[in-house]
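Data from query18.txt: compact mmCIF, C-alpha atoms
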# COMPACT_ATOMS: atom_id res chain seq x y z
CA MET A 908 -10.15 17.78 21.02
CA GLU A 909 -11.76 14.75 19.40
CA THR A 910 -9.59 12.54 17.20
CA THR A 911 -11.06 11.72 13.79
CA ARG A 912 -10.00 8.62 11.90
CA HIS A 913 -10.10 7.75 8.21
CA PHE A 914 -9.55 4.34 6.64
CA THR A 915 -6.87 4.11 3.94
CA ALA A 916 -5.41 1.31 1.82
CA THR A 917 -1.82 1.01 0.58
CA THR A 918 -0.34 -1.50 -1.86
CA TYR A 919 3.31 -2.44 -2.17
CA VAL A 920 3.35 -3.69 -5.76
CA VAL A 921 6.14 -5.94 -7.03
CA HIS A 922 7.27 -6.94 -10.51
CA ASP A 923 10.28 -9.09 -11.32
CA GLY A 924 11.76 -8.67 -7.84
CA ASP A 925 11.43 -4.87 -7.61
CA CYS A 926 8.98 -2.69 -5.64
CA LEU A 927 7.23 0.38 -7.09
CA LEU A 928 7.27 3.67 -5.16
CA HIS A 929 6.51 7.29 -6.02
CA GLU A 930 7.96 10.53 -4.77
CA HIS A 931 5.07 12.21 -2.92
CA ASP A 932 5.40 15.96 -3.51
CA ARG A 933 3.35 17.18 -0.54
CA LEU A 934 4.89 14.81 1.99
CA GLY A 935 8.40 14.90 0.51
CA MET A 936 8.93 11.14 0.75
CA TRP A 937 8.83 7.95 -1.31
CA LEU A 938 5.60 5.98 -0.83
CA PRO A 939 3.69 3.10 -2.39
CA PRO A 940 0.34 3.79 -4.09
CA GLY A 941 -2.65 4.20 -1.82
CA GLY A 942 -5.42 6.42 -0.56
CA HIS A 943 -8.71 6.75 1.29
CA LEU A 944 -11.48 4.15 1.18
CA ALA A 945 -14.71 5.36 -0.42
CA ARG A 946 -17.91 4.92 1.60
CA ASP A 947 -18.98 1.84 -0.36
CA GLU A 948 -15.59 0.08 -0.53
CA LEU A 949 -13.96 -2.70 1.37
CA PRO A 950 -10.22 -2.25 2.01
CA ARG A 951 -9.04 -4.69 -0.70
CA GLU A 952 -11.29 -2.98 -3.27
CA ALA A 953 -9.86 0.42 -2.35
CA ALA A 954 -6.30 -0.91 -2.57
CA LEU A 955 -6.88 -2.14 -6.14
CA ARG A 956 -8.76 1.02 -7.17
CA GLU A 957 -6.04 3.34 -5.85
CA LEU A 958 -3.37 1.22 -7.53
CA ARG A 959 -5.19 1.39 -10.89
CA GLU A 960 -5.83 5.16 -10.60
CA GLU A 961 -2.29 6.02 -9.56
CA THR A 962 -0.35 3.64 -11.81
CA GLY A 963 -2.71 2.10 -14.37
CA LEU A 964 -1.57 -1.36 -13.21
CA ASP A 965 -4.01 -4.24 -12.77
CA ALA A 966 -2.06 -6.14 -10.15
CA THR A 967 -3.02 -9.23 -8.17
CA LEU A 968 -3.16 -8.90 -4.39
CA LEU A 969 -1.68 -11.74 -2.36
CA GLU A 970 -4.49 -13.88 -1.01
CA PRO A 971 -4.21 -14.65 2.69
CA GLU A 972 -6.42 -17.50 3.88
CA THR A 973 -9.59 -16.73 5.83
CA ARG A 974 -10.82 -19.04 8.53
CA VAL A 975 -14.47 -18.21 9.21
CA THR A 976 -17.47 -18.69 6.96
CA ALA A 977 -20.86 -18.76 8.67
CA ASP A 978 -24.50 -17.79 8.20
CA PHE A 979 -24.00 -14.75 10.44
CA GLY A 980 -21.21 -13.16 8.44
CA ARG A 981 -17.97 -13.63 6.61
CA GLU A 982 -14.38 -13.00 7.53
CA LEU A 983 -12.76 -10.39 5.33
CA PRO A 984 -9.38 -11.43 3.93
CA PRO A 985 -6.85 -9.73 6.18
CA ALA A 986 -4.33 -7.15 5.07
CA GLU A 987 -0.65 -7.94 5.39
CA HIS A 988 -0.49 -5.21 8.04
CA THR A 989 -2.91 -2.73 9.61
CA MET A 990 -1.15 0.47 10.65
CA LEU A 991 -2.22 3.53 12.66
CA TYR A 992 -0.72 6.88 11.66
CA ASP A 993 -1.01 10.25 13.37
CA VAL A 994 -1.65 12.63 10.48
CA ASP A 995 -2.48 15.89 12.24
CA VAL A 996 -1.08 16.77 15.65
CA ALA A 997 -1.91 20.16 17.16
CA ASP A 998 -0.79 21.41 20.57
CA GLY A 999 0.44 17.93 21.46
CA GLU A 1000 -2.94 16.32 20.75
CA VAL A 1001 -3.74 14.04 17.83
CA ALA A 1002 -6.52 15.57 15.76
CA HIS A 1003 -6.58 13.12 12.86
CA GLN A 1004 -5.37 9.57 12.21
CA HIS A 1005 -5.32 7.12 9.33
CA ILE A 1006 -6.04 3.43 9.84
CA ASP A 1007 -4.12 1.97 6.91
CA PHE A 1008 -4.68 -1.50 5.45
CA VAL A 1009 -1.37 -2.53 3.83
CA TYR A 1010 -1.37 -5.06 0.97
CA TYR A 1011 1.22 -6.73 -1.22
CA ALA A 1012 0.58 -7.35 -4.92
CA GLU A 1013 2.25 -8.66 -8.05
CA ALA A 1014 2.05 -6.58 -11.23
CA PRO A 1015 1.91 -8.28 -14.65
CA ASN A 1016 4.28 -5.69 -16.16
CA ARG A 1017 5.92 -2.30 -15.53
CA THR A 1018 3.84 -0.23 -17.94
CA LEU A 1019 2.58 2.78 -15.99
CA SER A 1020 -0.34 4.90 -17.14
CA PRO A 1021 -1.63 7.00 -14.24
CA ALA A 1022 -5.14 8.48 -14.48
CA ASP A 1023 -5.51 12.20 -15.22
CA GLY A 1024 -4.63 14.26 -12.16
CA GLU A 1025 -2.35 11.60 -10.66
CA ALA A 1026 1.45 11.71 -10.35
CA GLY A 1027 3.23 11.40 -13.70
CA THR A 1028 5.24 8.34 -14.67
CA ASP A 1029 8.48 10.26 -14.05
CA GLU A 1030 7.62 10.40 -10.33
CA TRP A 1031 7.48 6.59 -10.06
CA ARG A 1032 10.48 4.28 -9.67
CA TRP A 1033 11.04 0.55 -9.28
CA PHE A 1034 13.38 -0.20 -6.34
CA SER A 1035 15.44 -3.39 -6.08
CA PRO A 1036 15.76 -5.03 -2.64
CA ASP A 1037 19.37 -3.76 -2.45
CA GLU A 1038 18.21 -0.18 -3.13
CA LEU A 1039 15.52 -0.59 -0.47
CA ARG A 1040 18.14 -1.85 1.99
CA ASP A 1041 20.38 1.16 1.25
CA ARG A 1042 17.41 3.37 2.26
CA ASP A 1043 18.73 6.37 0.33
CA GLY A 1044 15.84 8.82 0.75
CA LEU A 1045 13.46 6.15 2.09
CA THR A 1046 11.94 5.85 5.54
CA GLU A 1047 12.77 2.71 7.50
CA GLU A 1048 9.13 1.62 7.34
CA VAL A 1049 8.81 1.95 3.56
CA ALA A 1050 12.13 0.14 3.02
CA THR A 1051 11.22 -2.67 5.43
CA LEU A 1052 7.72 -3.20 4.02
CA GLY A 1053 9.02 -2.96 0.44
CA ILE A 1054 11.58 -5.70 1.10
CA GLU A 1055 8.94 -7.81 2.83
CA ALA A 1056 6.59 -7.35 -0.16
CA VAL A 1057 9.26 -8.52 -2.60
CA GLU A 1058 10.02 -11.56 -0.43
CA ARG A 1059 6.32 -12.46 0.04
CA VAL A 1060 5.52 -12.12 -3.67
CA GLU A 1061 8.54 -14.22 -4.62
CA SER A 1062 7.59 -16.82 -1.99
CA ALA A 1063 3.97 -16.94 -3.26
CA ARG A 1064 5.23 -17.53 -6.82
CA THR A 1065 7.23 -20.62 -5.79
CA ARG A 1066 4.34 -22.34 -4.00

What would the structure in this file look like if it were written as structure tokens?
Amino acid sequence: METTRHFTATTYVVHDGDCLLHEHDRLGMWLPPGGHLARDELPREAALRELREETGLDATLLEPETRVTADFGRELPPAEHTMLYDVDVADGEVAHQHIDFVYYAEAPNRTLSPADGEAGTDEWRWFSPDELRDRDGLTEEVATLGIEAVERVESARTR
């Protein structure tokens, strides 16, 4: 069986020290906004598009420094993390995976207005770092990355 891979982008968005997550019906877990890259998108573009579609927020992604600029190409700003997830496992073999570019962003406000067909505002919730640490209903990964996002956004604001 051949493994197929799709590229996805996820954004942990922070406002006033809290991280925004939504209760994903199909997966039954709390997750940050995100989704698949379109054919013509770079990962950062997809992260911002998915964030706008799912929440209506125009957030600012943290800007990591790039090191290479040359005539032969350009270095893409890196994600905070690049994760590999097994999405579909059949008979012990991985059939499908997601390569996920994970970003952190700061939102200008908490006003949510998801696009038609997206999760309603009642399925979104802002989590404080203490609530993330308690992990009530959260996976360890989501809690850890949410806390890291809050810390990185706060650190970027004080520079």

I'd like the neighbourhood of segment 1006-1015 of chain A as a ChimeraX atom specification, where a residue qualifies if any of its atoms comes within 10 Å (using only C-alpha atoms), though same-chain residues fewer than 5 positions away should be ignored. /A:912-927,939,941-944,950-951,953-955,958,964-970,985-993,1052-1053,1055-1057,1059-1061,1063-1064

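Across the structure, atom CA of Pro984 of chain A and atom CA of Pro971 of chain A are spaced 6.2 Å apart.
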
7 Å contact set for Leu938 of chain A, only C-alpha atoms, chain neighbours under 6 positions out, as a PDB file with C-alpha atoms, keeping the file's coordinate frame:
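Writing the result to around_28.pdb gives the following:
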ATOM      1  CA  LEU A 928       7.270   3.670  -5.160  1.00  0.00           C
ATOM      2  CA  HIS A 929       6.510   7.290  -6.020  1.00  0.00           C
ATOM      3  CA  GLU A 930       7.960  10.530  -4.770  1.00  0.00           C
ATOM      4  CA  HIS A 931       5.070  12.210  -2.920  1.00  0.00           C
ATOM      5  CA  VAL A1049       8.810   1.950   3.560  1.00  0.00           C
TER       6      VAL A1049
END

Length of the atom CA of Asp1041 of chain A to atom CA of Thr1018 of chain A vector [Å]: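 Straight-line distance from atom CA of Asp1041 of chain A to atom CA of Thr1018 of chain A works out to 25.4 Å.
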
For atom CA of Phe979 of chain A and atom CA of Arg956 of chain A, the interatomic separation in Å (one decimal):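 It comes out at 28.1 Å.
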
Leaving out segment 1000-1002 of chain A and any residue of its chain fewer than 3 positions from it, which residues lie within 9 Å of it when counting all atoms listed in the file, given as a VMD selection string? chain A and resid 908 to 912 993 to 997

Residue with smallest distance to Asn1016 of chain A - pool A:Gly1044, A:Gly999, A:Gly963, A:Gly980, counting only C-alpha atoms: A:Gly963

Generate N, CA, C and O atoms for segment 948-965 of chain A and emit them as an mmCIF file, in the frame of the given file.
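Contents of result-v8.cif, as written:
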data_model
loop_
_atom_site.group_PDB
_atom_site.id
_atom_site.type_symbol
_atom_site.label_atom_id
_atom_site.label_comp_id
_atom_site.auth_asym_id
_atom_site.auth_seq_id
_atom_site.Cartn_x
_atom_site.Cartn_y
_atom_site.Cartn_z
ATOM 1 N N GLU A 948 -16.672 1.010 -0.218
ATOM 2 C CA GLU A 948 -15.590 0.080 -0.530
ATOM 3 C C GLU A 948 -15.114 -0.702 0.674
ATOM 4 O O GLU A 948 -15.068 -0.185 1.789
ATOM 5 N N LEU A 949 -14.713 -1.925 0.406
ATOM 6 C CA LEU A 949 -13.960 -2.700 1.370
ATOM 7 C C LEU A 949 -12.480 -2.381 1.153
ATOM 8 O O LEU A 949 -12.093 -1.919 0.073
ATOM 9 N N PRO A 950 -11.632 -2.630 2.147
ATOM 10 C CA PRO A 950 -10.220 -2.250 2.010
ATOM 11 C C PRO A 950 -9.516 -2.813 0.787
ATOM 12 O O PRO A 950 -8.786 -2.096 0.103
ATOM 13 N N ARG A 951 -9.715 -4.092 0.462
ATOM 14 C CA ARG A 951 -9.040 -4.690 -0.700
ATOM 15 C C ARG A 951 -9.498 -4.020 -1.994
ATOM 16 O O ARG A 951 -8.710 -3.830 -2.908
ATOM 17 N N GLU A 952 -10.778 -3.665 -2.080
ATOM 18 C CA GLU A 952 -11.290 -2.980 -3.270
ATOM 19 C C GLU A 952 -10.637 -1.612 -3.422
ATOM 20 O O GLU A 952 -10.251 -1.210 -4.520
ATOM 21 N N ALA A 953 -10.500 -0.899 -2.310
ATOM 22 C CA ALA A 953 -9.860 0.420 -2.350
ATOM 23 C C ALA A 953 -8.390 0.305 -2.743
ATOM 24 O O ALA A 953 -7.879 1.129 -3.505
ATOM 25 N N ALA A 954 -7.711 -0.718 -2.239
ATOM 26 C CA ALA A 954 -6.300 -0.910 -2.570
ATOM 27 C C ALA A 954 -6.129 -1.090 -4.077
ATOM 28 O O ALA A 954 -5.259 -0.457 -4.695
ATOM 29 N N LEU A 955 -6.970 -1.909 -4.691
ATOM 30 C CA LEU A 955 -6.880 -2.140 -6.140
ATOM 31 C C LEU A 955 -7.290 -0.895 -6.926
ATOM 32 O O LEU A 955 -6.672 -0.576 -7.942
ATOM 33 N N ARG A 956 -8.328 -0.197 -6.481
ATOM 34 C CA ARG A 956 -8.760 1.020 -7.170
ATOM 35 C C ARG A 956 -7.667 2.084 -7.146
ATOM 36 O O ARG A 956 -7.333 2.679 -8.171
ATOM 37 N N GLU A 957 -7.105 2.335 -5.976
ATOM 38 C CA GLU A 957 -6.040 3.340 -5.850
ATOM 39 C C GLU A 957 -4.841 2.964 -6.709
ATOM 40 O O GLU A 957 -4.247 3.814 -7.365
ATOM 41 N N LEU A 958 -4.497 1.682 -6.719
ATOM 42 C CA LEU A 958 -3.370 1.220 -7.530
ATOM 43 C C LEU A 958 -3.632 1.481 -9.013
ATOM 44 O O LEU A 958 -2.766 1.994 -9.718
ATOM 45 N N ARG A 959 -4.845 1.155 -9.475
ATOM 46 C CA ARG A 959 -5.190 1.390 -10.890
ATOM 47 C C ARG A 959 -5.181 2.885 -11.218
ATOM 48 O O ARG A 959 -4.653 3.304 -12.246
ATOM 49 N N GLU A 960 -5.781 3.713 -10.346
ATOM 50 C CA GLU A 960 -5.830 5.160 -10.600
ATOM 51 C C GLU A 960 -4.433 5.766 -10.651
ATOM 52 O O GLU A 960 -4.131 6.570 -11.525
ATOM 53 N N GLU A 961 -3.598 5.388 -9.691
ATOM 54 C CA GLU A 961 -2.290 6.020 -9.560
ATOM 55 C C GLU A 961 -1.249 5.497 -10.531
ATOM 56 O O GLU A 961 -0.322 6.223 -10.881
ATOM 57 N N THR A 962 -1.387 4.229 -10.957
ATOM 58 C CA THR A 962 -0.350 3.640 -11.810
ATOM 59 C C THR A 962 -0.870 3.083 -13.127
ATOM 60 O O THR A 962 -0.091 2.870 -14.048
ATOM 61 N N GLY A 963 -2.151 2.763 -13.193
ATOM 62 C CA GLY A 963 -2.710 2.100 -14.370
ATOM 63 C C GLY A 963 -2.491 0.591 -14.347
ATOM 64 O O GLY A 963 -2.911 -0.115 -15.259
ATOM 65 N N LEU A 964 -1.854 0.068 -13.305
ATOM 66 C CA LEU A 964 -1.570 -1.360 -13.210
ATOM 67 C C LEU A 964 -2.766 -2.146 -12.679
ATOM 68 O O LEU A 964 -3.426 -1.708 -11.735
ATOM 69 N N ASP A 965 -3.023 -3.291 -13.284
ATOM 70 C CA ASP A 965 -4.010 -4.240 -12.770
ATOM 71 C C ASP A 965 -3.244 -5.374 -12.115
ATOM 72 O O ASP A 965 -2.961 -6.396 -12.745
#
